[in-house]
Amino acid sequence: MNRDLTRKPRTALALCLAPALMVAAPAVLVTGCGSSSSNESTDIGVSSIIFTSRQNTTVDPQTGAVSIDVSGGNGQVIDYQRYVPGGSLDILSPPRPDGTVTNLTSAFPQADFNGVDVSFDASQAVFSMKKDPNDHYHIYTVQLTGDHAIHQKTAGDQDDINPIYIAGGRIVFATNEMYTEMGTRADEYEHGRVVSQLATISVNGGDADRRLFAQNLSHTVAPFLRSDGKLGYSRWEHLGPVNDVKIMAANPDGTNMIAVAGQHSKPVNSLINVREYSPNQMVAIGTTRDRTIHSGTLLLVDARNHNDPVCLDPNADYTGHNCLDEEHATYNILSKDVPTGSDPSPVGRYREPSALPDGRILVSWADGPVNDLNEQSLTPPDYGIYVFDPNTQTNQLIYNNRQMWDLNAMAIAPHKEPPVIGDLQHTVDATQPVRLGSFNIHQTSLQENVDGAEFTGTPLSQALQGAVAVRVVEGFSSEAAKGVTMFGLTMHEGAAVLGEAPVYADGSWLANVPAYIPMHLQPVDKYDLSIRSQGLWIQGEPGENRRCVGCHESRTGDGTPAFGQNPTAAEQQGAQAFTEQISDRLEVPWDKNDLGKAFVQQVFDAKCTSCHDGGANDPFAGKQYTVTRTDPVTGQQTTYTIPYLKLTSDPVTVYYDRKVHTWPVSYVSLFYPAAMQMDMGTEKVTGDVPPMWMVPANARGSALIQKINVRAADGTTAWPATLHDEDKGQPLTADERKMLILAADLGGQFYARQNTEFQSNVNDPVSGAK
């Protein structure tokens, strides 16, 4: 092949790595600060590499029409359902432009591929392949020597992608296998993409030894190996306003899911294609959440605990040391000219990096804009395989078939197998609950303030002293709410309260909750108002103990004692049982309840609409505001009129999140002021704009809750005023008042399972509860 040996991104940057890039033992140090000149050598320190070639262009054999698929099924940065036939799994030996390419999958001419990894002894590779349009992506192994024999490891109607080897003779991968009898969870964008979760098989047993992990509400993909034996992965986190991709880790049996980086701060929205090169140090792709075709800027992530010198030694024994410090992770962008958003790039974009023994980075790179403009202009990006030198900021060409995307490149070389964590052969009882709790919820390392009700700029650590219970909230998606694509004028998904566990004097709380399902926590005060709504989904495996130190206490501080060691008050009293059937869980539907239980509009009709119906007795009669939206394509204007405050069920139509929909006026009147703060684009607002009557996930910041006020059991009120409804002779019951609080605190949803044709005969995920 006639190719220039060196191809540079258009940049003149030079970089000194600090800390230097180190590779797993024996660690290799890259020192100094190089110039922008390149090295003509193509020696990368290994004799062969393996990679996937993926097609992007097809020609109709009948008409000759050319179809280019760049982002189909890949609109979001961790989507996975892009199939174009004509790919291959290849070895390049030696790894240089004139090396020999061996196609390992020539028997499958219509195949496409989605990930590859090399075994610890470098004798075998595992990969994901879809053989033809009627197939699904499944896991295969291939011998890297001899006859290159291929063995299929998984089958079925699901897609299995992104496989890697882990310790103990197992393979972990992402799958969209159906999670419940209701179906597979789907992401929040119109719920059009089934969500992927992690699963494992044994190398020898394949599907006969298949085990699913607990599932998130959005995609979990791209697992990577960690030196401590855990597996890392990228997880799309969507919980209200939180909408990003962060780095997580878990034990190989699915227990102890924790955040590794990106939970608190990061210079990009999404961290993907992660590889660890030294304990708690990673190379990754940083990018926006969509439109960049899985590509972005190269960056280093350092999540080491810098307060412990032992943790800075890659060859040390970390036993007894808390060496992961997610909260203070740092980021070093290597390719600084590459945009971190979705704008066209002036220097191309990178994807799927891996560290070489000498500290350079093997990576795929494409020049040009590398975003969805490529598809619009029928010019697919040209991904080739390069070595990026962090010191010189240059790309050294290794291989580029300009008719294909050359991806997933990695060295064929032996590498150290980490220790086995846990009992990988143990079969758990799926009906066993997860034990969830805190040693002392009054403790926190978060530097935040709380406002509303009894708090005014109060530090979170002080506000948590007033926590009397912890609300455990289940999250669900359209698999459980029939026909729902958005849960209302909110970015929150479906929600149900599993229960509220009392906080004891020592700050402890404890609850048994269903396994596998996504949950988040809200410490609440004596007025039933959430003090803080956790912005991270948590899950657990059957029988797992998921107690934490406090309300996000530093992970590098003192840990939680084992059960029976200085038992907390919650442990002495016993865990609360929050394992009710789905039909018995507390939900807050707005317009009806298919189970005959209470719903929000019922409260308004009984206690509020005699005044707030827009009639003669309504203090806000005639007050309204208009929202005028200009279509960004046609320029056409549409005006929507919304009452200042009206609590009847009359229909009103509004625009939100790219859709026009009709809702009861009570719902729009209360939640649209907050929704506008999240979804304003070309809209113009005029008239009597009301306060944010109801704020999703923030009842104490909601004007309506302040107006009706709340009285605690000790007789005090949340705000220094009389309860509004008692003044008017229509007092709310305690349950009605709490329903309105939950309508805000749970996220402002209109829909729930209980107003979308609830299926009481459907089992709970894995646990079997109905």
# chains A, B, ... in the order shown; residues from 1 in each chain; ligands from 1
>>> residues_around(residues="Leu740 of chain A", least_positions_apart="6", cutoff="12 Å", atoms="only C-alpha atoms", output="ChimeraX atom specification")
/A:528-529,587-590,598-604,667,670,693-700,702-710,732-734,746-749
>>> closest_residue(among="A:Asp358, A:Glu417, A:Asp313, A:Glu454", to="Asp389 of chain A", atoms="only C-alpha atoms")
A:Asp358
>>> residues_around(residues="Trp405 of chain A", least_positions_apart="2", cutoff="9 Å", atoms="only C-alpha atoms", output="PyMOL selection string")
chain A and resi 52-56+87+364+381-384+400-403+407
>>> select_by_dssp(residues="segment 301-429 of chain A", states="helix (DSSP H, G or I)", output="PyMOL selection string")
chain A and resi 309-312+326-328+373-376
>>> residues_around(residues="Ala149 of chain A", least_positions_apart="2", cutoff="12 Å", atoms="only C-alpha atoms", output="PyMOL selection string")
chain A and resi 104-105+107+123-126+140-147+151-152
>>> write_last_selection(atoms="N, CA, C and O atoms", output="PDB file, in the first residue's frame")
ATOM      1  N   LEU A 104      -9.451 -12.911   9.374  1.00  0.00           N
ATOM      2  CA  LEU A 104      -9.817 -14.079  10.170  1.00  0.00           C
ATOM      3  C   LEU A 104     -11.252 -14.524   9.943  1.00  0.00           C
ATOM      4  O   LEU A 104     -11.645 -15.616  10.380  1.00  0.00           O
ATOM      5  N   THR A 105     -12.060 -13.693   9.302  1.00  0.00           N
ATOM      6  CA  THR A 105     -13.499 -13.977   9.173  1.00  0.00           C
ATOM      7  C   THR A 105     -13.950 -13.939   7.722  1.00  0.00           C
ATOM      8  O   THR A 105     -15.065 -13.520   7.416  1.00  0.00           O
ATOM      9  N   ALA A 107     -14.976 -16.167   5.954  1.00  0.00           N
ATOM     10  CA  ALA A 107     -16.135 -17.030   5.724  1.00  0.00           C
ATOM     11  C   ALA A 107     -17.455 -16.304   5.947  1.00  0.00           C
ATOM     12  O   ALA A 107     -18.527 -16.869   5.676  1.00  0.00           O
ATOM     13  N   SER A 123      -3.071 -15.881  22.965  1.00  0.00           N
ATOM     14  CA  SER A 123      -3.296 -17.002  22.060  1.00  0.00           C
ATOM     15  C   SER A 123      -4.670 -16.967  21.408  1.00  0.00           C
ATOM     16  O   SER A 123      -4.929 -17.709  20.462  1.00  0.00           O
ATOM     17  N   GLN A 124      -5.563 -16.109  21.921  1.00  0.00           N
ATOM     18  CA  GLN A 124      -6.953 -16.117  21.486  1.00  0.00           C
ATOM     19  C   GLN A 124      -7.497 -14.695  21.500  1.00  0.00           C
ATOM     20  O   GLN A 124      -7.012 -13.844  22.243  1.00  0.00           O
ATOM     21  N   ALA A 125      -8.503 -14.452  20.676  1.00  0.00           N
ATOM     22  CA  ALA A 125      -9.226 -13.176  20.712  1.00  0.00           C
ATOM     23  C   ALA A 125     -10.706 -13.455  20.851  1.00  0.00           C
ATOM     24  O   ALA A 125     -11.212 -14.489  20.401  1.00  0.00           O
ATOM     25  N   VAL A 126     -11.400 -12.524  21.489  1.00  0.00           N
ATOM     26  CA  VAL A 126     -12.848 -12.580  21.587  1.00  0.00           C
ATOM     27  C   VAL A 126     -13.408 -11.385  20.835  1.00  0.00           C
ATOM     28  O   VAL A 126     -12.827 -10.292  20.875  1.00  0.00           O
ATOM     29  N   TYR A 140     -17.927 -14.388  19.864  1.00  0.00           N
ATOM     30  CA  TYR A 140     -17.143 -15.470  19.275  1.00  0.00           C
ATOM     31  C   TYR A 140     -15.719 -15.395  19.817  1.00  0.00           C
ATOM     32  O   TYR A 140     -15.254 -14.326  20.242  1.00  0.00           O
ATOM     33  N   THR A 141     -15.016 -16.537  19.751  1.00  0.00           N
ATOM     34  CA  THR A 141     -13.566 -16.532  19.988  1.00  0.00           C
ATOM     35  C   THR A 141     -12.880 -17.059  18.741  1.00  0.00           C
ATOM     36  O   THR A 141     -13.462 -17.826  17.959  1.00  0.00           O
ATOM     37  N   VAL A 142     -11.629 -16.641  18.558  1.00  0.00           N
ATOM     38  CA  VAL A 142     -10.826 -17.104  17.435  1.00  0.00           C
ATOM     39  C   VAL A 142      -9.407 -17.357  17.935  1.00  0.00           C
ATOM     40  O   VAL A 142      -8.874 -16.577  18.737  1.00  0.00           O
ATOM     41  N   GLN A 143      -8.821 -18.446  17.499  1.00  0.00           N
ATOM     42  CA  GLN A 143      -7.430 -18.729  17.844  1.00  0.00           C
ATOM     43  C   GLN A 143      -6.519 -17.846  16.985  1.00  0.00           C
ATOM     44  O   GLN A 143      -6.734 -17.703  15.776  1.00  0.00           O
ATOM     45  N   LEU A 144      -5.527 -17.263  17.611  1.00  0.00           N
ATOM     46  CA  LEU A 144      -4.653 -16.333  16.903  1.00  0.00           C
ATOM     47  C   LEU A 144      -3.453 -17.022  16.268  1.00  0.00           C
ATOM     48  O   LEU A 144      -2.637 -16.374  15.604  1.00  0.00           O
ATOM     49  N   THR A 145      -3.313 -18.314  16.466  1.00  0.00           N
ATOM     50  CA  THR A 145      -2.260 -19.099  15.826  1.00  0.00           C
ATOM     51  C   THR A 145      -2.901 -20.329  15.203  1.00  0.00           C
ATOM     52  O   THR A 145      -4.072 -20.643  15.444  1.00  0.00           O
ATOM     53  N   GLY A 146      -2.137 -21.042  14.417  1.00  0.00           N
ATOM     54  CA  GLY A 146      -2.628 -22.280  13.829  1.00  0.00           C
ATOM     55  C   GLY A 146      -3.702 -22.046  12.795  1.00  0.00           C
ATOM     56  O   GLY A 146      -3.561 -21.199  11.906  1.00  0.00           O
ATOM     57  N   ASP A 147      -4.827 -22.767  12.932  1.00  0.00           N
ATOM     58  CA  ASP A 147      -5.864 -22.722  11.903  1.00  0.00           C
ATOM     59  C   ASP A 147      -6.875 -21.598  12.102  1.00  0.00           C
ATOM     60  O   ASP A 147      -7.850 -21.487  11.368  1.00  0.00           O
ATOM     61  N   HIS A 151     -15.119 -20.062  17.310  1.00  0.00           N
ATOM     62  CA  HIS A 151     -16.152 -20.731  18.090  1.00  0.00           C
ATOM     63  C   HIS A 151     -17.177 -19.698  18.555  1.00  0.00           C
ATOM     64  O   HIS A 151     -16.809 -18.673  19.126  1.00  0.00           O
ATOM     65  N   GLN A 152     -18.463 -19.980  18.307  1.00  0.00           N
ATOM     66  CA  GLN A 152     -19.538 -19.089  18.756  1.00  0.00           C
ATOM     67  C   GLN A 152     -19.839 -19.367  20.217  1.00  0.00           C
ATOM     68  O   GLN A 152     -20.005 -20.507  20.636  1.00  0.00           O
TER      69      GLN A 152
END
>>> closest_residue(among="A:Gly422, A:Pro567, A:Pro95, A:Pro673", to="Asp506 of chain A", atoms="only C-alpha atoms")
A:Pro567
>>> select_by_dssp(residues="segment 555-770 of chain A", states="strand (DSSP E or B)", output="number ranges by chain")
A: 576-577, 586, 624-630, 637-643, 651-656, 659-664, 684-687, 711, 717
>>> write_last_selection(atoms="N, CA, C and O atoms", output="compact mmCIF listing (two decimals), in the first residue's frame")
# COMPACT_ATOMS: atom_id res chain seq x y z
N GLN A 576 -35.48 -2.10 57.34
CA GLN A 576 -36.85 -1.90 56.86
C GLN A 576 -37.07 -2.77 55.62
O GLN A 576 -36.18 -2.93 54.79
N ALA A 577 -38.25 -3.33 55.47
CA ALA A 577 -38.58 -4.19 54.34
C ALA A 577 -39.27 -3.37 53.25
O ALA A 577 -40.43 -2.98 53.40
N LEU A 586 -45.62 3.05 46.04
CA LEU A 586 -46.26 4.37 46.02
C LEU A 586 -45.86 5.13 44.76
O LEU A 586 -44.70 5.49 44.58
N GLN A 624 -52.54 35.41 32.51
CA GLN A 624 -51.98 34.36 31.65
C GLN A 624 -50.70 34.87 31.00
O GLN A 624 -50.37 36.04 31.08
N TYR A 625 -50.00 33.95 30.37
CA TYR A 625 -48.81 34.33 29.60
C TYR A 625 -48.79 33.53 28.31
O TYR A 625 -49.46 32.50 28.19
N THR A 626 -48.07 34.03 27.34
CA THR A 626 -48.00 33.36 26.04
C THR A 626 -46.55 33.00 25.74
O THR A 626 -45.61 33.72 26.10
N VAL A 627 -46.41 31.87 25.09
CA VAL A 627 -45.10 31.41 24.62
C VAL A 627 -45.19 31.32 23.10
O VAL A 627 -46.01 30.57 22.56
N THR A 628 -44.37 32.11 22.42
CA THR A 628 -44.36 32.11 20.96
C THR A 628 -43.09 31.41 20.50
O THR A 628 -41.98 31.82 20.84
N ARG A 629 -43.26 30.35 19.75
CA ARG A 629 -42.13 29.57 19.27
C ARG A 629 -41.97 29.77 17.77
O ARG A 629 -42.93 29.70 17.00
N THR A 630 -40.73 30.01 17.35
CA THR A 630 -40.41 30.14 15.94
C THR A 630 -39.71 28.88 15.46
O THR A 630 -38.67 28.49 16.01
N GLN A 637 -44.32 30.77 13.12
CA GLN A 637 -44.50 31.02 14.54
C GLN A 637 -45.80 30.39 15.04
O GLN A 637 -46.81 30.42 14.37
N THR A 638 -45.70 29.82 16.26
CA THR A 638 -46.87 29.23 16.91
C THR A 638 -46.94 29.79 18.32
O THR A 638 -45.92 29.84 19.03
N THR A 639 -48.13 30.19 18.75
CA THR A 639 -48.30 30.80 20.07
C THR A 639 -49.14 29.88 20.96
O THR A 639 -50.18 29.36 20.53
N TYR A 640 -48.68 29.70 22.18
CA TYR A 640 -49.38 28.89 23.17
C TYR A 640 -49.72 29.78 24.37
O TYR A 640 -48.87 30.53 24.86
N THR A 641 -50.97 29.71 24.83
CA THR A 641 -51.43 30.54 25.94
C THR A 641 -51.63 29.65 27.17
O THR A 641 -52.30 28.62 27.11
N ILE A 642 -51.06 30.10 28.30
CA ILE A 642 -51.05 29.27 29.51
C ILE A 642 -51.56 30.10 30.69
O ILE A 642 -51.07 31.21 30.93
N PRO A 643 -52.54 29.61 31.44
CA PRO A 643 -53.02 30.35 32.61
C PRO A 643 -51.93 30.49 33.67
O PRO A 643 -51.08 29.62 33.83
N PRO A 651 -58.15 20.70 29.08
CA PRO A 651 -56.96 20.47 28.25
C PRO A 651 -56.31 21.77 27.80
O PRO A 651 -56.98 22.77 27.55
N VAL A 652 -54.98 21.74 27.71
CA VAL A 652 -54.21 22.85 27.17
C VAL A 652 -53.02 22.27 26.42
O VAL A 652 -52.45 21.25 26.83
N THR A 653 -52.66 22.90 25.32
CA THR A 653 -51.60 22.39 24.45
C THR A 653 -50.37 23.27 24.56
O THR A 653 -50.46 24.50 24.53
N VAL A 654 -49.19 22.62 24.68
CA VAL A 654 -47.92 23.35 24.77
C VAL A 654 -46.85 22.59 23.99
O VAL A 654 -47.00 21.42 23.64
N TYR A 655 -45.76 23.29 23.76
CA TYR A 655 -44.59 22.71 23.10
C TYR A 655 -43.52 22.45 24.16
O TYR A 655 -43.23 23.30 24.99
N TYR A 656 -42.95 21.22 24.11
CA TYR A 656 -41.87 20.89 25.04
C TYR A 656 -41.03 19.76 24.45
O TYR A 656 -41.57 18.77 23.95
N LYS A 659 -41.73 18.49 20.90
CA LYS A 659 -43.04 17.91 20.61
C LYS A 659 -44.15 18.84 21.10
O LYS A 659 -43.98 19.56 22.09
N VAL A 660 -45.29 18.78 20.42
CA VAL A 660 -46.50 19.47 20.85
C VAL A 660 -47.43 18.43 21.46
O VAL A 660 -47.69 17.38 20.85
N HIS A 661 -47.92 18.73 22.67
CA HIS A 661 -48.73 17.74 23.37
C HIS A 661 -49.80 18.46 24.20
O HIS A 661 -49.60 19.59 24.64
N THR A 662 -50.91 17.78 24.41
CA THR A 662 -52.00 18.32 25.21
C THR A 662 -52.04 17.64 26.57
O THR A 662 -52.01 16.41 26.66
N TRP A 663 -52.09 18.47 27.62
CA TRP A 663 -52.10 17.99 29.00
C TRP A 663 -53.24 18.67 29.76
O TRP A 663 -53.75 19.70 29.31
N PRO A 664 -53.61 18.17 30.94
CA PRO A 664 -54.53 18.93 31.80
C PRO A 664 -53.90 20.27 32.18
O PRO A 664 -52.70 20.36 32.43
N LYS A 684 -40.34 32.94 22.74
CA LYS A 684 -40.47 34.27 23.33
C LYS A 684 -41.64 34.23 24.30
O LYS A 684 -42.72 33.77 23.96
N VAL A 685 -41.43 34.72 25.53
CA VAL A 685 -42.46 34.65 26.57
C VAL A 685 -42.91 36.06 26.92
O VAL A 685 -42.09 36.95 27.18
N THR A 686 -44.23 36.27 26.94
CA THR A 686 -44.79 37.57 27.31
C THR A 686 -45.98 37.36 28.23
O THR A 686 -46.58 36.28 28.27
N GLY A 687 -46.34 38.41 28.97
CA GLY A 687 -47.52 38.35 29.83
C GLY A 687 -47.16 38.16 31.29
O GLY A 687 -46.05 38.49 31.73
N ARG A 711 -46.86 21.28 57.98
CA ARG A 711 -46.69 21.24 59.43
C ARG A 711 -46.14 19.87 59.84
O ARG A 711 -46.65 18.83 59.43
N THR A 717 -43.92 24.67 61.38
CA THR A 717 -44.20 24.69 59.95
C THR A 717 -42.92 24.94 59.18
O THR A 717 -41.98 25.57 59.68
>>> closest_residue(among="A:Ala752, A:Leu647, A:Leu89, A:Leu212", to="Gly540 of chain A", atoms="only C-alpha atoms")
A:Leu212
>>> atom_distance(atom1="atom CA of Asn545 of chain A", atom2="atom CA of Ala515 of chain A")
10.9 Å
>>> residues_around(residues="segment 276-289 of chain A", least_positions_apart="4", cutoff="6 Å", atoms="only C-alpha atoms", output="tab-separated table (two decimals) with N, CA, C and O atoms, in the first residue's frame")
chain	number	residue	atom	x	y	z
A	23	VAL	N	2.62	2.71	31.86
A	23	VAL	CA	1.95	1.52	31.42
A	23	VAL	C	2.14	0.45	32.47
A	23	VAL	O	3.11	0.46	33.22
A	24	ALA	N	1.19	-0.49	32.54
A	24	ALA	CA	1.21	-1.51	33.58
A	24	ALA	C	2.54	-2.23	33.64
A	24	ALA	O	3.27	-2.34	32.66
A	76	GLN	N	-26.44	8.58	19.44
A	76	GLN	CA	-25.87	8.86	20.75
A	76	GLN	C	-24.49	8.23	20.83
A	76	GLN	O	-24.20	7.22	20.17
A	77	VAL	N	-23.64	8.78	21.66
A	77	VAL	CA	-22.24	8.40	21.63
A	77	VAL	C	-22.00	6.97	22.10
A	77	VAL	O	-20.96	6.39	21.81
A	227	SER	N	-6.68	-3.09	36.81
A	227	SER	CA	-5.59	-3.85	37.40
A	227	SER	C	-5.98	-4.50	38.73
A	227	SER	O	-5.35	-5.48	39.15
A	268	VAL	N	-15.59	17.32	29.69
A	268	VAL	CA	-16.41	16.89	28.57
A	268	VAL	C	-17.70	16.31	29.11
A	268	VAL	O	-17.81	15.99	30.30
A	269	ASN	N	-18.68	16.13	28.23
A	269	ASN	CA	-19.94	15.53	28.67
A	269	ASN	C	-19.81	14.03	28.86
A	269	ASN	O	-20.39	13.45	29.78
A	270	SER	N	-19.03	13.38	27.98
A	270	SER	CA	-19.02	11.93	27.95
A	270	SER	C	-17.61	11.37	27.91
A	270	SER	O	-16.75	11.87	27.17
A	271	LEU	N	-17.37	10.33	28.70
A	271	LEU	CA	-16.10	9.61	28.74
A	271	LEU	C	-16.34	8.20	28.22
A	271	LEU	O	-17.07	7.42	28.84
A	272	ILE	N	-15.75	7.87	27.07
A	272	ILE	CA	-16.00	6.58	26.43
A	272	ILE	C	-14.68	5.95	25.99
A	272	ILE	O	-13.63	6.58	26.06
A	296	GLY	N	-13.90	11.62	19.54
A	296	GLY	CA	-13.67	12.84	20.30
A	296	GLY	C	-12.21	13.11	20.50
A	296	GLY	O	-11.36	12.69	19.71
A	297	THR	N	-11.90	13.78	21.60
A	297	THR	CA	-10.53	14.14	21.90
A	297	THR	C	-9.90	13.07	22.80
A	297	THR	O	-10.59	12.40	23.57
A	298	LEU	N	-8.60	12.90	22.69
A	298	LEU	CA	-7.87	11.99	23.56
A	298	LEU	C	-7.60	12.68	24.89
A	298	LEU	O	-7.19	13.84	24.92
A	299	LEU	N	-7.81	11.97	25.99
A	299	LEU	CA	-7.50	12.55	27.29
A	299	LEU	C	-7.06	11.47	28.27
A	299	LEU	O	-7.33	10.28	28.09
A	300	LEU	N	-6.34	11.91	29.29
A	300	LEU	CA	-5.91	11.04	30.38
A	300	LEU	C	-6.76	11.35	31.60
A	300	LEU	O	-7.05	12.52	31.88
A	301	VAL	N	-7.14	10.32	32.32
A	301	VAL	CA	-7.92	10.46	33.54
A	301	VAL	C	-7.10	9.90	34.70
A	301	VAL	O	-6.62	8.77	34.64
A	302	ASP	N	-6.92	10.70	35.72
A	302	ASP	CA	-6.17	10.28	36.90
A	302	ASP	C	-7.10	10.29	38.10
A	302	ASP	O	-7.49	11.35	38.60
A	303	ALA	N	-7.52	9.09	38.54
A	303	ALA	CA	-8.44	8.96	39.67
A	303	ALA	C	-7.74	8.36	40.89
A	303	ALA	O	-8.37	7.73	41.73
A	304	ARG	N	-6.42	8.57	40.99
A	304	ARG	CA	-5.68	8.07	42.15
A	304	ARG	C	-5.92	8.95	43.37
A	304	ARG	O	-6.20	10.14	43.24
A	340	THR	N	-14.49	19.43	21.99
A	340	THR	CA	-15.14	18.52	22.94
A	340	THR	C	-16.65	18.52	22.76
A	340	THR	O	-17.34	17.73	23.40
A	341	GLY	N	-17.18	19.40	21.90
A	341	GLY	CA	-18.59	19.42	21.57
A	341	GLY	C	-18.84	18.72	20.25
A	341	GLY	O	-18.00	17.96	19.75
